[in-house]
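Containing compact mmCIF, C-alpha atoms: start.txt.
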```txt
# COMPACT_ATOMS: atom_id res chain seq x y z
CA MET A 24 0.00 0.00 0.00
CA ARG A 25 2.74 2.46 0.98
CA GLY A 26 4.58 1.70 -2.28
CA ARG A 27 1.47 2.44 -4.36
CA LEU A 28 0.96 5.76 -2.56
CA ALA A 29 4.60 6.71 -3.07
CA ARG A 30 4.37 5.94 -6.80
CA ARG A 31 1.13 7.91 -7.05
CA SER A 32 2.69 10.86 -5.24
CA ALA A 33 5.71 10.74 -7.57
CA ARG A 34 3.42 10.71 -10.62
CA GLN A 35 1.52 13.70 -9.28
CA ARG A 36 4.75 15.60 -8.63
CA SER A 37 5.77 14.83 -12.19
CA ASP A 38 2.40 15.97 -13.55
CA HIS A 39 2.62 19.09 -11.41
CA SER A 40 5.89 20.12 -13.02
CA THR A 41 4.90 19.21 -16.59
CA LEU A 42 4.34 22.33 -18.62
CA PRO A 43 1.43 22.81 -21.02
CA PRO A 44 2.41 21.90 -24.60
CA TRP A 45 2.11 25.50 -25.80
CA VAL A 46 4.84 26.88 -23.50
CA SER A 47 7.81 27.86 -25.64
CA PRO A 48 10.73 25.45 -25.04
CA ALA A 49 13.23 28.32 -25.32
CA PHE A 50 11.31 30.32 -22.71
CA ALA A 51 11.04 27.29 -20.42
CA GLN A 52 14.78 26.65 -20.70
CA LYS A 53 15.46 30.27 -19.85
CA VAL A 54 13.27 30.56 -16.73
CA ARG A 55 13.49 26.88 -15.59
CA PRO A 56 9.98 26.65 -14.11
CA GLU A 57 10.57 23.17 -12.70
CA GLU A 58 13.27 24.61 -10.43
CA LEU A 59 10.96 27.42 -9.34
CA ILE A 60 8.22 24.91 -8.53
CA ALA A 61 10.65 22.64 -6.66
CA ALA A 62 11.87 25.59 -4.60
CA THR A 63 8.35 26.20 -3.32
CA GLU A 64 7.58 22.57 -2.49
CA PRO A 65 6.82 22.11 1.22
CA PRO A 66 9.16 19.91 3.31
CA ILE A 67 6.39 17.37 3.84
CA ARG A 68 6.76 13.78 2.69
CA GLU A 69 3.38 12.32 3.64
CA TYR A 70 1.07 12.33 0.63
CA ALA A 71 -2.15 13.38 2.41
CA ARG A 72 -0.53 16.13 4.51
CA LYS A 73 1.29 17.52 1.47
CA ALA A 74 -1.98 17.62 -0.48
CA ARG A 75 -3.60 19.49 2.42
CA TYR A 76 -0.66 21.93 2.56
CA ASP A 77 -0.97 22.57 -1.18
CA ALA A 78 -4.69 23.21 -0.82
CA VAL A 79 -4.21 25.69 2.03
CA PHE A 80 -1.18 27.56 0.68
CA THR A 81 -1.69 27.40 -3.08
CA PRO A 82 -0.41 30.62 -4.71
CA LEU A 83 -3.84 31.21 -6.22
CA GLN A 84 -5.40 31.11 -2.76
CA MET A 85 -2.77 33.49 -1.39
CA ARG A 86 -3.25 35.95 -4.26
CA GLY A 87 -6.99 35.85 -3.68
CA MET A 88 -6.56 36.70 -0.02
CA VAL A 89 -4.19 39.59 -0.76
CA TRP A 90 -6.54 40.93 -3.45
CA SER A 91 -9.50 40.74 -1.08
CA GLU A 92 -7.68 42.52 1.73
CA ARG A 93 -6.56 45.36 -0.55
CA THR A 94 -9.93 45.73 -2.23
CA TYR A 95 -11.85 45.80 1.06
CA ALA A 96 -9.33 48.24 2.58
CA GLY A 97 -9.98 50.64 -0.28
CA TYR A 98 -13.54 50.98 1.00
CA GLY A 99 -12.57 51.14 4.66
CA ILE A 100 -13.70 47.57 5.31
CA ALA A 101 -11.65 44.94 7.15
CA PHE A 102 -11.45 41.58 5.36
CA ALA A 103 -11.89 38.55 7.61
CA ASP A 104 -11.83 34.98 6.36
CA PRO A 105 -12.17 32.36 9.11
CA TRP A 106 -10.59 29.72 6.86
CA SER A 107 -7.40 31.80 6.71
CA ASP A 108 -6.86 31.62 10.46
CA ARG A 109 -3.34 30.30 11.14
CA ARG A 110 -4.68 28.13 13.98
CA ILE A 111 -7.07 26.34 11.63
CA ALA A 112 -4.30 25.76 9.07
CA SER A 113 -1.98 24.37 11.78
CA PHE A 114 -4.75 22.15 13.13
CA VAL A 115 -5.64 20.74 9.71
CA LEU A 116 -2.00 20.00 8.92
CA SER A 117 -1.36 18.28 12.26
CA ILE A 118 -4.20 15.77 12.56
CA PRO A 119 -4.40 12.36 10.83
CA GLN A 120 -6.01 12.13 7.41
CA GLN A 121 -8.74 9.75 8.61
CA VAL A 122 -9.96 12.48 10.97
CA ILE A 123 -10.22 14.97 8.10
CA ALA A 124 -11.97 12.66 5.68
CA TYR A 125 -12.49 9.03 4.82
CA PRO A 126 -13.68 7.20 1.70
CA GLY A 127 -17.38 7.74 1.19
CA GLY A 128 -17.57 10.34 3.95
CA PRO A 129 -19.15 13.76 3.54
CA ASP A 130 -17.23 16.77 2.26
CA LYS A 131 -15.91 19.17 4.92
CA ARG A 132 -16.85 16.69 7.63
CA LEU A 133 -15.13 18.54 10.49
CA ALA A 134 -16.69 21.87 9.55
CA ARG A 135 -20.13 20.28 9.34
CA GLU A 136 -19.74 18.65 12.74
CA ALA A 137 -18.46 21.90 14.26
CA MET A 138 -21.56 23.73 13.02
CA GLN A 139 -23.96 21.30 14.72
CA GLY A 140 -26.34 23.32 16.89
CA ILE A 141 -25.19 26.57 15.23
CA MET A 142 -26.49 26.24 11.67
CA PRO A 143 -29.97 24.93 10.85
CA GLU A 144 -29.73 21.21 10.14
CA PRO A 145 -30.99 21.34 6.52
CA VAL A 146 -28.42 24.03 5.74
CA ARG A 147 -25.62 22.24 7.59
CA HIS A 148 -26.15 19.07 5.57
CA ALA A 149 -26.76 20.79 2.25
CA ALA A 150 -23.92 23.35 2.28
CA ARG A 151 -21.38 22.68 -0.43
CA LYS A 152 -19.23 24.59 -2.88
CA ILE A 153 -20.73 25.27 -6.27
CA ILE A 154 -18.26 25.16 -9.14
CA PRO A 155 -19.69 26.84 -12.27
CA TYR A 156 -17.56 24.78 -14.67
CA PRO A 157 -20.43 24.14 -17.13
CA LEU A 158 -20.77 27.91 -17.63
CA TYR A 159 -17.03 28.23 -18.24
CA ARG A 160 -17.13 25.33 -20.69
CA ARG A 161 -20.09 26.81 -22.56
CA SER A 162 -18.20 30.09 -22.83
CA LEU A 163 -15.19 28.30 -24.33
CA GLU A 164 -17.33 26.45 -26.86
CA GLN A 165 -20.02 29.03 -27.65
CA ASP A 166 -20.47 32.35 -25.85
CA ALA A 167 -16.89 33.68 -25.86
CA VAL A 168 -15.56 32.19 -29.09
CA GLY A 169 -15.09 35.60 -30.70
CA VAL A 170 -13.17 36.96 -27.71
CA ILE A 171 -10.95 33.88 -27.50
CA GLU A 172 -10.28 33.91 -31.24
CA SER A 173 -9.20 37.55 -30.99
CA LEU A 174 -6.83 36.68 -28.13
CA LEU A 175 -5.30 33.82 -30.11
CA SER A 176 -4.79 36.02 -33.18
CA ASN A 177 -1.62 38.12 -33.33
CA SER A 178 -0.65 36.85 -29.89
CA VAL A 179 1.59 39.19 -27.90
CA ALA A 180 2.64 36.24 -25.72
CA ALA A 181 3.80 34.40 -28.84
CA GLU A 182 5.57 37.49 -30.15
CA ARG A 183 7.47 37.79 -26.87
CA GLY A 184 8.45 34.12 -27.05
CA TYR A 185 6.36 32.86 -24.14
CA VAL A 186 4.03 30.51 -26.01
CA ASP A 187 3.76 28.60 -29.25
CA ASP A 188 0.57 30.10 -30.67
CA ARG A 189 0.10 27.19 -33.12
CA LYS A 190 -0.05 24.66 -30.28
CA LEU A 191 -2.26 26.95 -28.22
CA ARG A 192 -4.72 27.24 -31.11
CA GLU A 193 -4.61 23.47 -31.66
CA HIS A 194 -5.60 22.99 -28.05
CA TYR A 195 -8.49 25.41 -28.42
CA ASP A 196 -9.63 23.58 -31.54
CA THR A 197 -9.62 20.38 -29.46
CA ILE A 198 -11.82 22.08 -26.86
CA ARG A 199 -14.23 23.30 -29.55
CA GLN A 200 -14.53 19.71 -30.79
CA GLY A 201 -15.55 18.50 -27.33
CA GLY A 202 -12.12 17.49 -26.03
CA ARG A 203 -10.77 18.16 -22.56
CA ASP A 204 -9.41 21.58 -21.74
CA HIS A 205 -6.05 21.89 -20.03
CA PRO A 206 -6.39 23.60 -16.62
CA CYS A 207 -3.73 26.13 -17.70
CA PHE A 208 -5.56 27.22 -20.88
CA TRP A 209 -7.38 29.93 -18.95
CA TRP A 210 -4.04 31.27 -17.67
CA ALA A 211 -2.75 31.49 -21.24
CA LEU A 212 -5.76 33.64 -22.15
CA THR A 213 -5.40 35.89 -19.10
CA LEU A 214 -1.67 36.29 -19.80
CA GLU A 215 -2.56 37.50 -23.30
CA MET A 216 -5.15 39.93 -21.91
CA TRP A 217 -2.65 41.26 -19.37
CA LEU A 218 0.09 41.73 -21.96
CA ARG A 219 -2.26 43.60 -24.28
CA ALA A 220 -3.45 45.84 -21.46
CA TYR A 221 -0.04 46.65 -19.95
CA TRP A 222 2.77 45.72 -22.36
CA THR A 223 1.68 47.00 -25.76
```
So, in terms of structure tokens, how does the structure I just supplied come out?
Amino acid sequence: MRGRLARRSARQRSDHSTLPPWVSPAFAQKVRPEELIAATEPPIREYARKARYDAVFTPLQMRGMVWSERTYAGYGIAFADPWSDRRIASFVLSIPQQVIAYPGGPDKRLAREAMQGIMPEPVRHAARKIIPYPLYRRSLEQDAVGVIESLLSNSVAAERGYVDDRKLREHYDTIRQGGRDHPCFWWALTLEMWLRAYWT
């Protein structure tokens, strides 16, 4: 069992450092993203605890917190997120995985149990995160095709040597034909939007 988990963890680390096919090889060789990723890896060997650490301290999560604090402060409002409490993060990282969750168990089990007697029971059992992926997918395939096509045409990111625009377009064609979208495709689009807004 331990061997299977170790192999799975190694595969995930490998997948984590694999770049999208449209990243320019010359750019990747110059900035060495695998080394940057390795430098930020936590010193945690256990698979479950490392996954929890990644979930708590993902750069996207951190950027979201900083953005929220700055935006709220601009209106004289203090931003408070109970899930960002250091004590909760330390607690979650210190307890065994089977206490956090178990196969077939409910999502956010500890939070649900902690809310017993505080939240109404129907709400406590029904609360869950809603991920609007179908809306995003429909935008990729239908609603935002014109916008995406304009971003893929005369790409500033390609001109600067960051991406291979042919491979990026091939991936978008795959999406339009019903294929899977790479989780980094959205970041390629936002990079292009950012470059056009601030670097042209």
task = Would you mind listing what lies within 8 Å of range 45-61 of chain A as a ChimeraX atom specification, with all atoms listed in the file counted and same-chain residues fewer than 2 positions away left out?
result = /A:40-43,63-64,184-191
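Here the question is which of A:Leu158, A:Ala150, A:Ala71, A:Met88 gets nearest to Ser117 in chain A using all atoms listed in the file, and that residue is A:Ala71.
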Spatial neighbours of Met216 in chain A, max dist 12 Å, only C-alpha atoms, sep filter under 6 positions, as a ChimeraX atom specification = /A:170-171,173-176,178-180,209-210,222-223
inquiry  = Please compute the CA of His148 in chain A-CA of Pro129 in chain A distance, one decimal, in Å.
reply    = 9.0 Å
Adding 4 Å on each side of the box along x, y and z that holds all listed atoms of range 105-112 of chain A, could you give its centre and edge lengths in Å to one decimal, as AutoDock Vina command-line options?
```
--center_x -7.8 --center_y 29.1 --center_z 10.3 --size_x 16.8 --size_y 14.6 --size_z 15.3
```
note = Closest of A:Ala62, A:Trp106, A:His205, A:Ser91 to Ala78 in chain A, counting all atoms listed in the file, is A:Trp106
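Taking CA of Ala181 in chain A and CA of Arg219 in chain A as endpoints, the distance between them is 11.9 Å.
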